[in-house]
Amino acid sequence: MITNQHLKGAFMVVLAAGLWGFSGTVAKYFFNKQVDPLILVQIRLNLSAWLLLAWLSIKQRQLLKIERQDYGKIIILGILGMAGVQFTYLYTVSRVNVALAVFLQYLSPVLVSLYAWVWQKQLPDFRGLLALILAITGSALMIMGPELSLEGIPLDGLLTGLASAVTAAFYTVYGKQVLQKYTPWTTLGWALLAGGLPWWLINSPRRLLAQVNSVETVAFFIYIALFATIIPFGLYFAGLKRISATETVIISMLEPVVAALTAFWFLGERLSLSQIGGGLAIMLAVAILSSGSISIAQESRVEER
């Protein structure tokens, strides 16, 4: 029986997926206006961390506590996982169309499953093999398009798109170790900060301020911190408390759909029929893994963002 709590949880996940999907289009709009992707990564990580940690210090101060022996884990998760995911995904958005960037990152649950199959000796069943075939086929169709050629796809954008799937998969697998001990908010807040601080060695405050040159740009940075990071995370985790992980993963597949539609409406980006078919194949692969018996894949979309 579907309860009000169940419907509320599903609606929260829908909102989270919609916000994440639309954020890629918003980011691409500002990249087209010469906002530096490196600056955006730096501001997103640091501003989101400061806002979230400040909120926790006021509302739930106890969640700020991290034991000394776990500092290294948080730093690794923040730099290799959180910062890695943000940089590779946003840089990909700046180089290729939004839908391709999102669908490439959506390969991460498949990579998590491959990790389970190879390193944890969880041999794939028929579902797993079918999902792998669908994911590979879908990726090829998305990348090569109707001409079945890589011509026109920037190599750096393609490589960072694939790297975004790898870093998201790493964040999922490694993040599970930290989440066994700390809450998602504790993990997210400190990982964002750990991932954001090293960027100050790359971009000086003067260079950052040079990018903050209009009210519109300031509003964009605040939007990314709140509506592309903190709020959708809150909605996603709140929804996850009310519905199953499988339902959450499947509902979150609205994200690439929203990304593709909003990029078409606002930026004029188009996908060919073969690319649409490739995207559907990737989403079907994730759905199969989510409803199967591989638990680590089932949770990959819960923790990767």
# chains A, B, ... in the order shown; residues from 1 in each chain; ligands from 1

call {"tool": "residues_around", "arguments": {"residues": "stretch 191-200 of chain A", "least_positions_apart": "2", "cutoff": "7 Å", "atoms": "only C-alpha atoms", "output": "number ranges by chain"}}
result
A: 42, 45-46, 49, 74-75, 77-79, 82-83, 187-189, 202-204

call {"tool": "write_last_selection", "arguments": {"atoms": "C-alpha atoms", "output": "CSV table (one decimal), in the first residue's frame"}}
result
chain,number,residue,atom,x,y,z
A,42,GLN,CA,36.6,25.9,-6.3
A,45,LEU,CA,33.2,23.0,-3.0
A,46,ASN,CA,34.2,25.7,-0.6
A,49,ALA,CA,31.2,23.3,2.7
A,74,ILE,CA,38.2,12.3,4.9
A,75,ILE,CA,41.0,14.0,3.0
A,77,LEU,CA,37.5,11.2,0.0
A,78,GLY,CA,37.5,14.9,-0.4
A,79,ILE,CA,40.4,15.3,-2.8
A,82,MET,CA,34.5,14.9,-4.1
A,83,ALA,CA,36.9,17.3,-5.9
A,187,THR,CA,30.8,13.1,5.6
A,188,LEU,CA,29.6,15.5,3.0
A,189,GLY,CA,30.5,18.7,4.9
A,202,ILE,CA,45.6,26.7,-8.0
A,203,ASN,CA,43.4,29.8,-8.1
A,204,SER,CA,44.3,32.8,-6.0

call {"tool": "residues_around", "arguments": {"residues": "A:Met12", "least_positions_apart": "5", "cutoff": "10 Å", "atoms": "only C-alpha atoms", "output": "PyMOL selection string"}}
result
chain A and resi 6-7+17-18+232+234-240+242+248+251

call {"tool": "write_last_selection", "arguments": {"atoms": "N, CA, C and O atoms", "output": "CSV table (one decimal), in the first residue's frame"}}
result
chain,number,residue,atom,x,y,z
A,6,HIS,N,5.4,7.5,1.8
A,6,HIS,CA,6.0,7.0,0.6
A,6,HIS,C,5.9,8.0,-0.6
A,6,HIS,O,6.9,8.2,-1.3
A,7,LEU,N,4.8,8.6,-0.8
A,7,LEU,CA,4.6,9.6,-1.8
A,7,LEU,C,5.5,10.8,-1.6
A,7,LEU,O,6.1,11.4,-2.5
A,17,ALA,N,16.5,15.0,-8.1
A,17,ALA,CA,16.9,14.7,-9.5
A,17,ALA,C,16.7,15.8,-10.5
A,17,ALA,O,17.6,16.1,-11.3
A,18,GLY,N,15.6,16.5,-10.3
A,18,GLY,CA,15.3,17.7,-11.2
A,18,GLY,C,16.3,18.8,-11.0
A,18,GLY,O,16.8,19.4,-11.9
A,232,PRO,N,19.5,19.6,-2.9
A,232,PRO,CA,19.2,18.3,-3.5
A,232,PRO,C,19.7,17.1,-2.6
A,232,PRO,O,19.1,16.1,-2.6
A,234,GLY,N,19.9,17.2,0.6
A,234,GLY,CA,19.0,17.0,1.7
A,234,GLY,C,17.7,16.4,1.3
A,234,GLY,O,17.2,15.5,2.0
A,235,LEU,N,17.2,16.7,0.1
A,235,LEU,CA,16.0,16.1,-0.4
A,235,LEU,C,16.2,14.6,-0.7
A,235,LEU,O,15.4,13.8,-0.4
A,236,TYR,N,17.4,14.3,-1.3
A,236,TYR,CA,17.7,12.9,-1.6
A,236,TYR,C,17.7,12.0,-0.4
A,236,TYR,O,17.1,11.0,-0.4
A,237,PHE,N,18.5,12.5,0.6
A,237,PHE,CA,18.6,11.6,1.8
A,237,PHE,C,17.3,11.6,2.6
A,237,PHE,O,17.0,10.5,3.1
A,238,ALA,N,16.5,12.6,2.6
A,238,ALA,CA,15.2,12.6,3.3
A,238,ALA,C,14.3,11.7,2.5
A,238,ALA,O,13.5,10.9,3.2
A,239,GLY,N,14.3,11.7,1.2
A,239,GLY,CA,13.5,10.7,0.4
A,239,GLY,C,13.9,9.3,0.7
A,239,GLY,O,13.1,8.4,0.7
A,240,LEU,N,15.2,9.1,0.8
A,240,LEU,CA,15.8,7.7,0.9
A,240,LEU,C,15.3,7.1,2.3
A,240,LEU,O,15.2,5.9,2.4
A,242,ARG,N,12.4,7.4,3.4
A,242,ARG,CA,11.0,7.0,3.3
A,242,ARG,C,10.7,6.0,2.2
A,242,ARG,O,9.6,5.4,2.3
A,248,THR,N,14.6,4.7,-5.0
A,248,THR,CA,15.3,5.9,-5.1
A,248,THR,C,16.2,6.0,-6.3
A,248,THR,O,16.2,7.0,-7.0
A,251,ILE,N,14.0,6.4,-9.5
A,251,ILE,CA,13.4,7.7,-9.6
A,251,ILE,C,14.5,8.7,-10.0
A,251,ILE,O,14.2,9.7,-10.8

call {"tool": "atom_distance", "arguments": {"atom1": "atom CA of A:Phe103", "atom2": "atom CA of A:Trp265"}}
result
18.0 Å

call {"tool": "residues_around", "arguments": {"residues": "A:Val178", "least_positions_apart": "2", "cutoff": "8 Å", "atoms": "only C-alpha atoms", "output": "PyMOL selection string"}}
result
chain A and resi 73-74+174-176+180-182+187

call {"tool": "write_last_selection", "arguments": {"atoms": "N, CA, C and O atoms", "output": "short mmCIF file (atom, residue, chain, number, x, y, z; two decimals), in the first residue's frame"}}
result
data_model
loop_
_atom_site.label_atom_id
_atom_site.label_comp_id
_atom_site.auth_asym_id
_atom_site.auth_seq_id
_atom_site.Cartn_x
_atom_site.Cartn_y
_atom_site.Cartn_z
N LYS A 73 41.16 9.58 5.89
CA LYS A 73 40.08 9.08 5.05
C LYS A 73 39.25 10.22 4.48
O LYS A 73 38.87 10.20 3.30
N ILE A 74 38.96 11.21 5.32
CA ILE A 74 38.17 12.35 4.86
C ILE A 74 38.93 13.12 3.79
O ILE A 74 38.35 13.56 2.77
N TYR A 174 34.65 4.11 -1.77
CA TYR A 174 35.45 4.59 -0.63
C TYR A 174 34.56 5.29 0.40
O TYR A 174 34.78 5.17 1.61
N GLY A 175 33.56 6.03 -0.10
CA GLY A 175 32.68 6.74 0.81
C GLY A 175 31.89 5.82 1.72
O GLY A 175 31.54 6.20 2.84
N LYS A 176 31.61 4.60 1.25
CA LYS A 176 30.87 3.64 2.08
C LYS A 176 31.63 3.35 3.36
O LYS A 176 31.02 3.15 4.41
N GLN A 180 29.99 4.28 7.17
CA GLN A 180 29.71 3.27 8.19
C GLN A 180 29.88 3.84 9.59
O GLN A 180 29.35 3.31 10.56
N LYS A 181 30.62 4.94 9.69
CA LYS A 181 30.93 5.53 10.99
C LYS A 181 30.29 6.89 11.20
O LYS A 181 29.97 7.26 12.33
N TYR A 182 30.10 7.65 10.12
CA TYR A 182 29.59 9.02 10.23
C TYR A 182 28.34 9.20 9.39
O TYR A 182 28.10 8.46 8.44
N THR A 187 29.94 13.49 6.67
CA THR A 187 30.83 13.08 5.60
C THR A 187 30.85 14.11 4.48
O THR A 187 31.93 14.51 4.00
#

call {"tool": "atom_distance", "arguments": {"atom1": "atom CA of A:Tyr29", "atom2": "atom CA of A:Leu104"}}
result
19.5 Å

call {"tool": "residues_around", "arguments": {"residues": "A:Glu269", "least_positions_apart": "4", "cutoff": "8 Å", "atoms": "only C-alpha atoms", "output": "PDB file with all heavy atoms, in the first residue's frame"}}
result
ATOM      1  N   ASN A  97      28.098  18.492 -24.898  1.00  0.00           N
ATOM      2  CA  ASN A  97      26.734  18.856 -24.511  1.00  0.00           C
ATOM      3  C   ASN A  97      26.372  18.246 -23.153  1.00  0.00           C
ATOM      4  O   ASN A  97      26.976  17.270 -22.704  1.00  0.00           O
ATOM      5  CB  ASN A  97      25.716  18.480 -25.600  1.00  0.00           C
ATOM      6  CG  ASN A  97      25.572  16.994 -25.796  1.00  0.00           C
ATOM      7  OD1 ASN A  97      25.351  16.250 -24.851  1.00  0.00           O
ATOM      8  ND2 ASN A  97      25.680  16.539 -27.035  1.00  0.00           N
ATOM      9  N   VAL A  98      25.409  18.873 -22.504  1.00  0.00           N
ATOM     10  CA  VAL A  98      25.070  18.535 -21.120  1.00  0.00           C
ATOM     11  C   VAL A  98      24.625  17.082 -20.992  1.00  0.00           C
ATOM     12  O   VAL A  98      25.031  16.367 -20.070  1.00  0.00           O
ATOM     13  CB  VAL A  98      23.974  19.482 -20.594  1.00  0.00           C
ATOM     14  CG1 VAL A  98      23.545  19.079 -19.178  1.00  0.00           C
ATOM     15  CG2 VAL A  98      24.464  20.923 -20.611  1.00  0.00           C
ATOM     16  N   ALA A 260      18.814  16.596 -20.331  1.00  0.00           N
ATOM     17  CA  ALA A 260      18.688  16.621 -21.793  1.00  0.00           C
ATOM     18  C   ALA A 260      17.604  17.586 -22.244  1.00  0.00           C
ATOM     19  O   ALA A 260      17.786  18.358 -23.193  1.00  0.00           O
ATOM     20  CB  ALA A 260      18.396  15.212 -22.307  1.00  0.00           C
ATOM     21  N   ALA A 263      18.577  21.308 -21.472  1.00  0.00           N
ATOM     22  CA  ALA A 263      19.644  21.734 -22.377  1.00  0.00           C
ATOM     23  C   ALA A 263      19.085  21.988 -23.781  1.00  0.00           C
ATOM     24  O   ALA A 263      19.539  22.895 -24.492  1.00  0.00           O
ATOM     25  CB  ALA A 263      20.745  20.688 -22.431  1.00  0.00           C
ATOM     26  N   PHE A 264      18.087  21.215 -24.173  1.00  0.00           N
ATOM     27  CA  PHE A 264      17.443  21.426 -25.471  1.00  0.00           C
ATOM     28  C   PHE A 264      16.638  22.726 -25.478  1.00  0.00           C
ATOM     29  O   PHE A 264      16.730  23.536 -26.408  1.00  0.00           O
ATOM     30  CB  PHE A 264      16.534  20.242 -25.789  1.00  0.00           C
ATOM     31  CG  PHE A 264      15.657  20.447 -26.993  1.00  0.00           C
ATOM     32  CD1 PHE A 264      16.184  20.415 -28.285  1.00  0.00           C
ATOM     33  CD2 PHE A 264      14.299  20.692 -26.839  1.00  0.00           C
ATOM     34  CE1 PHE A 264      15.380  20.619 -29.391  1.00  0.00           C
ATOM     35  CE2 PHE A 264      13.485  20.896 -27.948  1.00  0.00           C
ATOM     36  CZ  PHE A 264      14.034  20.854 -29.225  1.00  0.00           C
ATOM     37  N   TRP A 265      15.846  22.933 -24.411  1.00  0.00           N
ATOM     38  CA  TRP A 265      14.980  24.105 -24.359  1.00  0.00           C
ATOM     39  C   TRP A 265      15.761  25.413 -24.223  1.00  0.00           C
ATOM     40  O   TRP A 265      15.453  26.404 -24.880  1.00  0.00           O
ATOM     41  CB  TRP A 265      13.995  23.985 -23.196  1.00  0.00           C
ATOM     42  CG  TRP A 265      12.895  23.004 -23.451  1.00  0.00           C
ATOM     43  CD1 TRP A 265      12.331  22.699 -24.653  1.00  0.00           C
ATOM     44  CD2 TRP A 265      12.213  22.202 -22.475  1.00  0.00           C
ATOM     45  NE1 TRP A 265      11.355  21.750 -24.489  1.00  0.00           N
ATOM     46  CE2 TRP A 265      11.250  21.424 -23.163  1.00  0.00           C
ATOM     47  CE3 TRP A 265      12.320  22.057 -21.093  1.00  0.00           C
ATOM     48  CZ2 TRP A 265      10.406  20.534 -22.519  1.00  0.00           C
ATOM     49  CZ3 TRP A 265      11.480  21.172 -20.449  1.00  0.00           C
ATOM     50  CH2 TRP A 265      10.533  20.423 -21.155  1.00  0.00           C
TER      51      TRP A 265
END

call {"tool": "residues_around", "arguments": {"residues": "A:Leu271", "least_positions_apart": "3", "cutoff": "9 Å", "atoms": "only C-alpha atoms", "output": "PyMOL selection string"}}
result
chain A and resi 97+99-100+142+145+260+264+274-276

call {"tool": "select_by_dssp", "arguments": {"residues": "stretch 4-224 of chain A", "states": "alpha helix (DSSP H)", "output": "PyMOL selection string"}}
result
chain A and resi 4-32+37-59+71-76+84-95+98-105+108-119+126-144+155-179+184-196+205-211+215-224

call {"tool": "closest_residue", "arguments": {"among": "A:Ala140, A:Leu159, A:Val85, A:Val26", "to": "A:Thr172", "atoms": "only C-alpha atoms"}}
result
A:Val85
